[in-house]
file run.txt (compact mmCIF, C-alpha atoms)
# COMPACT_ATOMS: atom_id res chain seq x y z
CA MET E 1 2.11 5.07 -30.87
CA LYS E 2 -1.49 3.91 -31.30
CA ILE E 3 -2.71 1.28 -28.82
CA VAL E 4 -5.96 -0.64 -28.94
CA ILE E 5 -7.07 -2.09 -25.60
CA VAL E 6 -9.58 -4.89 -26.05
CA GLY E 7 -11.86 -5.23 -23.05
CA SER E 8 -13.91 -3.20 -20.61
CA GLY E 9 -13.11 -4.83 -17.28
CA ALA E 10 -10.94 -3.69 -14.39
CA VAL E 11 -7.58 -4.41 -16.04
CA ALA E 12 -8.59 -2.78 -19.34
CA THR E 13 -9.96 0.25 -17.50
CA ASN E 14 -6.81 0.75 -15.44
CA LEU E 15 -4.53 0.30 -18.44
CA ALA E 16 -6.57 2.72 -20.53
CA TYR E 17 -6.51 5.31 -17.77
CA GLY E 18 -2.81 4.88 -17.04
CA ILE E 19 -1.65 4.99 -20.65
CA THR E 20 -3.95 7.89 -21.54
CA THR E 21 -2.99 10.06 -18.58
CA THR E 22 0.71 9.16 -18.32
CA THR E 23 1.87 8.92 -21.92
CA ARG E 24 1.24 10.74 -25.19
CA TYR E 25 0.07 7.55 -26.87
CA GLN E 26 -3.29 7.41 -28.57
CA VAL E 27 -5.61 4.85 -26.99
CA GLU E 28 -8.69 3.20 -28.43
CA ILE E 29 -10.92 0.86 -26.43
CA ALA E 30 -12.49 -2.02 -28.34
CA ALA E 31 -15.19 -3.96 -26.52
CA ARG E 32 -17.96 -6.43 -27.10
CA ASN E 33 -20.22 -4.01 -25.30
CA PRO E 34 -19.06 -0.56 -26.49
CA GLN E 35 -21.74 1.30 -24.54
CA LYS E 36 -20.57 -0.24 -21.27
CA ALA E 37 -16.98 0.67 -22.11
CA LYS E 38 -18.02 4.20 -23.09
CA ASP E 39 -19.88 4.69 -19.81
CA ILE E 40 -16.76 3.66 -17.90
CA ALA E 41 -14.50 5.90 -19.99
CA ASP E 42 -16.87 8.86 -19.62
CA GLY E 43 -17.02 8.30 -15.87
CA LEU E 44 -13.24 8.61 -15.74
CA GLU E 45 -13.29 11.54 -18.17
CA LEU E 46 -11.05 9.65 -20.57
CA LYS E 47 -10.74 11.18 -24.00
CA VAL E 48 -10.58 7.88 -25.87
CA LYS E 49 -12.42 6.44 -28.81
CA VAL E 50 -14.64 3.48 -27.91
CA VAL E 51 -15.69 1.01 -30.61
CA ALA E 52 -16.88 -2.54 -31.11
CA ILE E 53 -14.13 -5.10 -31.67
CA ASN E 54 -15.11 -5.52 -35.32
CA LYS E 55 -14.64 -1.79 -35.86
CA CYS E 56 -11.32 -1.25 -34.12
CA ASP E 57 -8.36 0.45 -35.77
CA LYS E 58 -6.77 -1.92 -38.30
CA ASN E 59 -3.31 -0.36 -38.11
CA ALA E 60 -2.53 0.09 -34.42
CA ASP E 61 1.03 -0.35 -33.14
CA LEU E 62 -0.10 -2.66 -30.34
CA TYR E 63 -3.25 -4.59 -29.43
CA ILE E 64 -3.68 -5.46 -25.75
CA ILE E 65 -6.27 -8.15 -24.97
CA ALA E 66 -7.34 -7.42 -21.39
CA VAL E 67 -10.18 -9.86 -20.77
CA THR E 68 -10.79 -12.86 -18.51
CA ASP E 69 -8.50 -15.82 -19.08
CA LYS E 70 -11.26 -18.01 -20.49
CA ALA E 71 -12.17 -15.35 -23.07
CA ILE E 72 -8.67 -14.66 -24.45
CA GLU E 73 -8.68 -17.24 -27.24
CA GLU E 74 -12.21 -16.39 -28.39
CA VAL E 75 -11.53 -12.63 -28.37
CA TYR E 76 -8.25 -13.16 -30.21
CA LYS E 77 -10.05 -15.06 -32.97
CA GLU E 78 -12.68 -12.33 -33.13
CA LEU E 79 -9.97 -9.69 -33.37
CA LEU E 80 -8.25 -11.51 -36.24
CA LYS E 81 -11.37 -11.05 -38.34
CA ARG E 82 -10.58 -7.35 -38.28
CA ILE E 83 -6.78 -7.06 -38.19
CA SER E 84 -3.79 -8.75 -39.82
CA PRO E 85 -2.45 -11.95 -38.22
CA GLU E 86 0.93 -10.17 -38.31
CA ALA E 87 -0.30 -7.40 -36.00
CA PRO E 88 1.46 -7.12 -32.61
CA ILE E 89 -0.86 -8.60 -29.97
CA VAL E 90 -0.41 -9.33 -26.27
CA HIS E 91 -2.66 -10.54 -23.47
CA THR E 92 -2.49 -9.49 -19.80
CA SER E 93 -3.02 -12.85 -18.07
CA GLY E 94 -0.73 -14.18 -15.38
CA SER E 95 -1.60 -17.85 -15.80
CA THR E 96 -2.32 -18.16 -19.52
CA SER E 97 0.54 -19.26 -21.75
CA VAL E 98 1.50 -17.27 -24.81
CA ASP E 99 0.63 -20.46 -26.69
CA VAL E 100 -3.03 -19.47 -26.44
CA PHE E 101 -2.45 -17.50 -29.64
CA GLY E 102 -1.62 -20.69 -31.56
CA GLU E 103 1.61 -22.22 -32.75
CA ASN E 104 1.69 -20.22 -35.99
CA ALA E 105 1.34 -16.82 -34.33
CA ARG E 106 4.56 -14.81 -34.40
CA MET E 107 3.98 -11.21 -33.29
CA VAL E 108 2.42 -12.20 -29.96
CA GLY E 109 3.33 -11.87 -26.31
CA VAL E 110 2.30 -10.99 -22.78
CA LEU E 111 2.03 -7.76 -20.82
CA TYR E 112 1.18 -8.93 -17.29
CA PRO E 113 0.63 -6.27 -14.60
CA LEU E 114 1.05 -7.88 -11.17
CA GLN E 115 -1.71 -6.21 -9.18
CA THR E 116 -5.28 -6.69 -8.06
CA PHE E 117 -7.61 -4.42 -10.05
CA SER E 118 -11.11 -3.09 -9.51
CA ARG E 119 -13.16 -0.86 -11.81
CA ASN E 120 -13.89 1.61 -9.02
CA ARG E 121 -10.23 1.98 -8.01
CA ILE E 122 -7.64 3.48 -10.35
CA ILE E 123 -4.09 2.39 -9.56
CA ASP E 124 -0.91 4.24 -10.46
CA LEU E 125 0.75 1.98 -13.05
CA ARG E 126 4.14 3.34 -12.01
CA GLU E 127 3.76 1.36 -8.79
CA ILE E 128 3.06 -1.94 -10.56
CA PRO E 129 5.65 -4.48 -11.76
CA PHE E 130 5.01 -5.60 -15.33
CA TYR E 131 6.18 -9.00 -16.58
CA LEU E 132 6.73 -9.24 -20.32
CA GLU E 133 7.06 -12.11 -22.76
CA ALA E 134 7.73 -11.98 -26.50
CA GLU E 135 9.92 -13.65 -29.10
CA ASP E 136 9.64 -11.12 -31.91
CA GLU E 137 12.25 -8.35 -31.61
CA HIS E 138 9.93 -5.63 -32.87
CA LEU E 139 7.29 -6.56 -30.29
CA LYS E 140 9.95 -6.65 -27.58
CA ARG E 141 10.97 -3.09 -28.40
CA THR E 142 7.32 -1.98 -28.48
CA LEU E 143 6.62 -3.45 -25.03
CA ILE E 144 9.79 -1.97 -23.55
CA LYS E 145 8.90 1.41 -24.98
CA LEU E 146 5.43 1.23 -23.43
CA VAL E 147 6.46 0.20 -19.90
CA GLU E 148 9.33 2.68 -19.85
CA GLU E 149 7.01 5.45 -20.98
CA LEU E 150 4.75 4.45 -18.09
CA GLU E 151 7.79 4.67 -15.78
CA ALA E 152 6.92 1.20 -14.49
CA ASN E 153 9.19 -1.53 -13.19
CA TRP E 154 9.37 -4.46 -15.58
CA ASP E 155 11.15 -7.70 -16.37
CA TRP E 156 11.04 -10.55 -18.87
CA LEU E 157 9.41 -13.75 -17.66
CA ASP E 158 8.42 -16.92 -19.50
CA SER E 159 4.97 -18.47 -19.17
CA GLU E 160 5.92 -21.06 -16.54
CA LYS E 161 7.56 -18.59 -14.16
CA ARG E 162 4.75 -16.10 -14.71
CA LYS E 163 2.28 -18.84 -13.76
CA ALA E 164 4.23 -19.41 -10.53
CA ILE E 165 3.97 -15.71 -9.68
CA HIS E 166 0.25 -15.78 -10.42
CA VAL E 167 -0.35 -18.81 -8.19
CA ALA E 168 1.65 -17.13 -5.41
CA ALA E 169 -0.40 -13.96 -5.95
CA VAL E 170 -3.63 -15.91 -5.43
CA PHE E 171 -2.34 -17.10 -2.05
CA ALA E 172 -1.00 -13.67 -1.07
CA CYS E 173 -3.90 -11.59 -2.36
CA ASN E 174 -7.12 -13.47 -3.08
CA PHE E 175 -6.88 -15.99 -0.25
CA THR E 176 -5.71 -13.31 2.18
CA ASN E 177 -8.69 -11.13 1.27
CA PHE E 178 -11.04 -14.06 1.84
CA MET E 179 -9.48 -14.58 5.29
CA LEU E 180 -10.08 -10.92 6.06
CA ALA E 181 -13.70 -11.36 4.97
CA CYS E 182 -13.99 -14.31 7.39
CA ALA E 183 -12.49 -12.19 10.16
CA ASN E 184 -14.98 -9.43 9.41
CA GLU E 185 -17.85 -11.92 9.54
CA ILE E 186 -16.78 -12.97 13.04
CA LEU E 187 -16.44 -9.36 14.17
CA GLU E 188 -19.78 -8.26 12.74
CA HIS E 189 -21.47 -11.02 14.76
CA GLU E 190 -20.32 -9.14 17.87
CA GLY E 191 -21.10 -5.68 16.50
CA LEU E 192 -17.48 -4.95 15.65
CA ASN E 193 -15.72 -4.06 12.37
CA ILE E 194 -12.65 -5.11 10.37
CA ALA E 195 -11.15 -1.67 11.14
CA GLU E 196 -10.43 -3.02 14.64
CA LEU E 197 -7.75 -5.22 13.07
CA LYS E 198 -6.08 -2.54 10.92
CA PRO E 199 -2.91 -2.12 13.05
CA LEU E 200 -2.56 -5.91 13.30
CA ILE E 201 -3.05 -6.45 9.56
CA GLU E 202 -0.56 -3.72 8.66
CA GLU E 203 2.09 -5.09 11.02
CA THR E 204 1.53 -8.66 9.80
CA VAL E 205 2.01 -7.73 6.14
CA THR E 206 4.97 -5.41 6.82
CA LYS E 207 6.73 -8.02 8.92
CA ALA E 208 6.12 -10.75 6.33
CA ILE E 209 7.48 -8.83 3.34
CA GLU E 210 10.48 -7.50 5.29
CA SER E 211 11.51 -10.99 6.41
CA ASP E 212 13.63 -13.43 4.42
CA ASN E 213 10.76 -15.92 4.66
CA PRO E 214 7.28 -15.15 6.05
CA ILE E 215 7.17 -18.51 7.82
CA SER E 216 10.02 -17.30 10.04
CA VAL E 217 7.76 -14.64 11.58
CA GLN E 218 4.69 -16.86 12.01
CA THR E 219 2.91 -16.31 15.33
CA GLY E 220 -0.34 -17.43 16.95
CA PRO E 221 -1.71 -20.41 18.88
CA ALA E 222 -1.03 -22.93 16.10
CA ARG E 223 2.61 -21.79 15.87
CA ARG E 224 2.93 -22.41 19.63
CA SER E 225 0.93 -25.66 19.48
CA ASP E 226 -1.41 -24.06 22.02
CA ASN E 227 -4.12 -26.70 21.85
CA ARG E 228 -6.15 -25.19 24.68
CA THR E 229 -6.58 -21.86 22.85
CA ILE E 230 -7.30 -23.64 19.59
CA PHE E 231 -10.00 -25.68 21.33
CA LEU E 232 -11.58 -22.53 22.81
CA HIS E 233 -11.59 -20.87 19.40
CA GLU E 234 -13.18 -23.89 17.75
CA GLN E 235 -15.82 -23.98 20.46
CA TYR E 236 -16.59 -20.32 19.78
CA LEU E 237 -17.08 -21.19 16.10
CA LYS E 238 -19.22 -24.29 16.74
CA ASN E 239 -22.35 -22.64 15.33
CA ARG E 240 -20.50 -21.71 12.11
CA PRO E 241 -19.10 -25.06 10.92
CA ASP E 242 -17.62 -23.65 7.71
CA LEU E 243 -15.42 -21.21 9.65
CA LYS E 244 -14.66 -23.82 12.29
CA ASP E 245 -13.47 -26.30 9.65
CA LEU E 246 -11.36 -23.65 7.96
CA TYR E 247 -9.82 -22.61 11.29
CA ALA E 248 -9.03 -26.23 12.19
CA SER E 249 -7.57 -27.07 8.78
CA ILE E 250 -5.21 -24.10 8.68
CA SER E 251 -4.19 -24.57 12.31
CA GLN E 252 -3.24 -28.18 11.56
CA LYS E 253 -1.15 -27.14 8.57
CA ILE E 254 0.72 -24.54 10.63
CA MET E 255 1.40 -27.00 13.46
CA ARG E 256 2.70 -29.62 11.02
CA LYS E 257 5.02 -26.99 9.56
CA PHE E 258 6.70 -26.59 12.94
CA GLU E 259 6.82 -30.21 14.07
call {"tool": "encode", "arguments": {"input": "run.txt", "output": "structure tokens"}}
result
Amino acid sequence: MKIVIVGSGAVATNLAYGITTTTRYQVEIAARNPQKAKDIADGLELKVKVVAINKCDKNADLYIIAVTDKAIEEVYKELLKRISPEAPIVHTSGSTSVDVFGENARMVGVLYPLQTFSRNRIIDLREIPFYLEAEDEHLKRTLIKLVEELEANWDWLDSEKRKAIHVAAVFACNFTNFMLACANEILEHEGLNIAELKPLIEETVTKAIESDNPISVQTGPARRSDNRTIFLHEQYLKNRPDLKDLYASISQKIMRKFE
């Protein structure tokens, strides 16, 4: 099978690496900035062809658009100048509907890997759940063949449910990471480091995902309605109003949850 991955960001890089090193499929990377994509591929020692979008293979078995959500429609239109509108095309977005391809598109779908990606970290795709969407039977078989060749967990999910998972992922991943960054900012002020919290963070996440509902294992001063401790913490943060406001807002939400 010949696969063209359109994009040069973190998702495209991880998909290219995973497919190239795990399967026998032939991979081509098509990018608006081919040199950037080639530098990334060379850095990972990937033996893939890198081309501009307008020079990509016209007869690939699958085209994967792995770009930012706001660029999907524009890149799709650019790709159609090169390939047939009947070509099998998917995007990798969690929140973008399959309707982004237009109401007349038929051989279109979604290949959504539920994970946080970075260019400088390569993730084993076998450890990632993939959520698929497609109406065309041929495209369905192609997607199933790909994820099974990758030995990845997968399931079918429509656009609305996939959006729900993506919103939940923002809370669980992106917002959590920002909270860790806030914690690190507080620690660095005292000459400490986020590593001090590693055992606590690991236990918090483990306990949350092993519970029936993370709210059932909530702890802390807000959970106990410990207003004295909350006051002391807010006083400590008085010179950093942004963190103080964030602390107060979240504490209030937790307390209301347990009223």
call {"tool": "closest_residue", "arguments": {"input": "run.txt", "among": "E:Cys56, E:Cys173, E:Val11, E:Met107", "to": "Ala31 of chain E", "atoms": "all atoms listed in the file"}}
result
E:Cys56
call {"tool": "atom_distance", "arguments": {"input": "run.txt", "atom1": "atom CA of Ala30 of chain E", "atom2": "atom CA of Ala66 of chain E"}}
result
10.2 Å
call {"tool": "residues_around", "arguments": {"input": "run.txt", "residues": "Ile250 of chain E", "least_positions_apart": "2", "cutoff": "12 Å", "atoms": "all atoms listed in the file", "output": "list in words"}}
result
Met179, Gly220, Pro221, Ala222, Arg223, Ile230, Leu243, Lys244, Asp245, Leu246, Tyr247, Ala248, Gln252, Lys253, Ile254, Met255, Arg256 and Lys257 of chain E
call {"tool": "atom_distance", "arguments": {"input": "run.txt", "atom1": "atom CA of Ile201 of chain E", "atom2": "atom CA of His233 of chain E"}}
result
19.4 Å
call {"tool": "closest_residue", "arguments": {"input": "run.txt", "among": "E:Leu180, E:Ala152, E:Ala164, E:Ala208", "to": "Glu196 of chain E", "atoms": "all atoms listed in the file"}}
result
E:Leu180
call {"tool": "build_atoms", "arguments": {"input": "run.txt", "residues": "segment 201-212 of chain E", "atoms": "all heavy atoms", "output": "PDB file, keeping the file's coordinate frame"}}
result
ATOM      1  N   ILE E 201      -3.213  -6.056  10.965  1.00  0.00           N
ATOM      2  CA  ILE E 201      -3.050  -6.450   9.560  1.00  0.00           C
ATOM      3  C   ILE E 201      -1.832  -5.761   8.959  1.00  0.00           C
ATOM      4  O   ILE E 201      -1.016  -6.399   8.270  1.00  0.00           O
ATOM      5  CB  ILE E 201      -4.323  -6.102   8.762  1.00  0.00           C
ATOM      6  CG1 ILE E 201      -5.508  -6.938   9.258  1.00  0.00           C
ATOM      7  CG2 ILE E 201      -4.097  -6.331   7.269  1.00  0.00           C
ATOM      8  CD1 ILE E 201      -6.854  -6.449   8.755  1.00  0.00           C
ATOM      9  N   GLU E 202      -1.687  -4.471   9.214  1.00  0.00           N
ATOM     10  CA  GLU E 202      -0.560  -3.720   8.660  1.00  0.00           C
ATOM     11  C   GLU E 202       0.775  -4.261   9.166  1.00  0.00           C
ATOM     12  O   GLU E 202       1.729  -4.411   8.404  1.00  0.00           O
ATOM     13  CB  GLU E 202      -0.697  -2.230   8.994  1.00  0.00           C
ATOM     14  CG  GLU E 202      -1.846  -1.559   8.254  1.00  0.00           C
ATOM     15  CD  GLU E 202      -2.029  -0.097   8.641  1.00  0.00           C
ATOM     16  OE1 GLU E 202      -1.492   0.305   9.701  1.00  0.00           O
ATOM     17  OE2 GLU E 202      -2.701   0.640   7.894  1.00  0.00           O
ATOM     18  N   GLU E 203       0.855  -4.558  10.465  1.00  0.00           N
ATOM     19  CA  GLU E 203       2.090  -5.090  11.020  1.00  0.00           C
ATOM     20  C   GLU E 203       2.384  -6.486  10.484  1.00  0.00           C
ATOM     21  O   GLU E 203       3.539  -6.829  10.186  1.00  0.00           O
ATOM     22  CB  GLU E 203       2.003  -5.124  12.554  1.00  0.00           C
ATOM     23  CG  GLU E 203       3.193  -5.791  13.254  1.00  0.00           C
ATOM     24  CD  GLU E 203       4.519  -5.099  13.018  1.00  0.00           C
ATOM     25  OE1 GLU E 203       4.526  -3.948  12.521  1.00  0.00           O
ATOM     26  OE2 GLU E 203       5.561  -5.716  13.309  1.00  0.00           O
ATOM     27  N   THR E 204       1.356  -7.297  10.328  1.00  0.00           N
ATOM     28  CA  THR E 204       1.530  -8.660   9.800  1.00  0.00           C
ATOM     29  C   THR E 204       2.110  -8.623   8.400  1.00  0.00           C
ATOM     30  O   THR E 204       3.084  -9.341   8.093  1.00  0.00           O
ATOM     31  CB  THR E 204       0.185  -9.396   9.787  1.00  0.00           C
ATOM     32  OG1 THR E 204      -0.333  -9.479  11.115  1.00  0.00           O
ATOM     33  CG2 THR E 204       0.344 -10.805   9.220  1.00  0.00           C
ATOM     34  N   VAL E 205       1.542  -7.811   7.524  1.00  0.00           N
ATOM     35  CA  VAL E 205       2.010  -7.730   6.140  1.00  0.00           C
ATOM     36  C   VAL E 205       3.407  -7.131   6.068  1.00  0.00           C
ATOM     37  O   VAL E 205       4.286  -7.644   5.365  1.00  0.00           O
ATOM     38  CB  VAL E 205       1.024  -6.900   5.283  1.00  0.00           C
ATOM     39  CG1 VAL E 205       1.585  -6.686   3.884  1.00  0.00           C
ATOM     40  CG2 VAL E 205      -0.323  -7.608   5.197  1.00  0.00           C
ATOM     41  N   THR E 206       3.644  -6.058   6.819  1.00  0.00           N
ATOM     42  CA  THR E 206       4.970  -5.410   6.820  1.00  0.00           C
ATOM     43  C   THR E 206       6.039  -6.388   7.284  1.00  0.00           C
ATOM     44  O   THR E 206       7.113  -6.511   6.669  1.00  0.00           O
ATOM     45  CB  THR E 206       4.962  -4.173   7.726  1.00  0.00           C
ATOM     46  OG1 THR E 206       4.004  -3.234   7.234  1.00  0.00           O
ATOM     47  CG2 THR E 206       6.339  -3.522   7.748  1.00  0.00           C
ATOM     48  N   LYS E 207       5.764  -7.081   8.363  1.00  0.00           N
ATOM     49  CA  LYS E 207       6.730  -8.020   8.920  1.00  0.00           C
ATOM     50  C   LYS E 207       7.004  -9.167   7.946  1.00  0.00           C
ATOM     51  O   LYS E 207       8.149  -9.605   7.788  1.00  0.00           O
ATOM     52  CB  LYS E 207       6.191  -8.558  10.255  1.00  0.00           C
ATOM     53  CG  LYS E 207       7.174  -9.389  11.055  1.00  0.00           C
ATOM     54  CD  LYS E 207       6.695  -9.560  12.502  1.00  0.00           C
ATOM     55  CE  LYS E 207       5.295 -10.136  12.596  1.00  0.00           C
ATOM     56  NZ  LYS E 207       4.915 -10.422  14.000  1.00  0.00           N
ATOM     57  N   ALA E 208       5.959  -9.628   7.268  1.00  0.00           N
ATOM     58  CA  ALA E 208       6.120 -10.750   6.330  1.00  0.00           C
ATOM     59  C   ALA E 208       6.988 -10.372   5.139  1.00  0.00           C
ATOM     60  O   ALA E 208       7.887 -11.117   4.746  1.00  0.00           O
ATOM     61  CB  ALA E 208       4.748 -11.228   5.854  1.00  0.00           C
ATOM     62  N   ILE E 209       6.732  -9.198   4.548  1.00  0.00           N
ATOM     63  CA  ILE E 209       7.480  -8.830   3.340  1.00  0.00           C
ATOM     64  C   ILE E 209       8.884  -8.336   3.659  1.00  0.00           C
ATOM     65  O   ILE E 209       9.753  -8.327   2.783  1.00  0.00           O
ATOM     66  CB  ILE E 209       6.721  -7.766   2.508  1.00  0.00           C
ATOM     67  CG1 ILE E 209       6.515  -6.476   3.290  1.00  0.00           C
ATOM     68  CG2 ILE E 209       5.390  -8.319   2.026  1.00  0.00           C
ATOM     69  CD1 ILE E 209       5.802  -5.398   2.512  1.00  0.00           C
ATOM     70  N   GLU E 210       9.129  -7.936   4.913  1.00  0.00           N
ATOM     71  CA  GLU E 210      10.480  -7.500   5.290  1.00  0.00           C
ATOM     72  C   GLU E 210      11.342  -8.660   5.745  1.00  0.00           C
ATOM     73  O   GLU E 210      12.563  -8.509   5.883  1.00  0.00           O
ATOM     74  CB  GLU E 210      10.402  -6.444   6.398  1.00  0.00           C
ATOM     75  CG  GLU E 210       9.873  -5.097   5.909  1.00  0.00           C
ATOM     76  CD  GLU E 210       9.825  -4.047   7.003  1.00  0.00           C
ATOM     77  OE1 GLU E 210      10.080  -4.411   8.179  1.00  0.00           O
ATOM     78  OE2 GLU E 210       9.542  -2.884   6.682  1.00  0.00           O
ATOM     79  N   SER E 211      10.748  -9.819   5.963  1.00  0.00           N
ATOM     80  CA  SER E 211      11.510 -10.990   6.410  1.00  0.00           C
ATOM     81  C   SER E 211      12.092 -11.737   5.214  1.00  0.00           C
ATOM     82  O   SER E 211      11.675 -11.544   4.074  1.00  0.00           O
ATOM     83  CB  SER E 211      10.597 -11.938   7.192  1.00  0.00           C
ATOM     84  OG  SER E 211       9.633 -12.513   6.328  1.00  0.00           O
ATOM     85  N   ASP E 212      13.079 -12.585   5.482  1.00  0.00           N
ATOM     86  CA  ASP E 212      13.630 -13.430   4.420  1.00  0.00           C
ATOM     87  C   ASP E 212      12.617 -14.468   3.980  1.00  0.00           C
ATOM     88  O   ASP E 212      12.580 -14.876   2.823  1.00  0.00           O
ATOM     89  CB  ASP E 212      14.913 -14.131   4.907  1.00  0.00           C
ATOM     90  CG  ASP E 212      16.047 -13.147   5.130  1.00  0.00           C
ATOM     91  OD1 ASP E 212      16.061 -12.100   4.452  1.00  0.00           O
ATOM     92  OD2 ASP E 212      16.904 -13.415   5.983  1.00  0.00           O
TER      93      ASP E 212
END
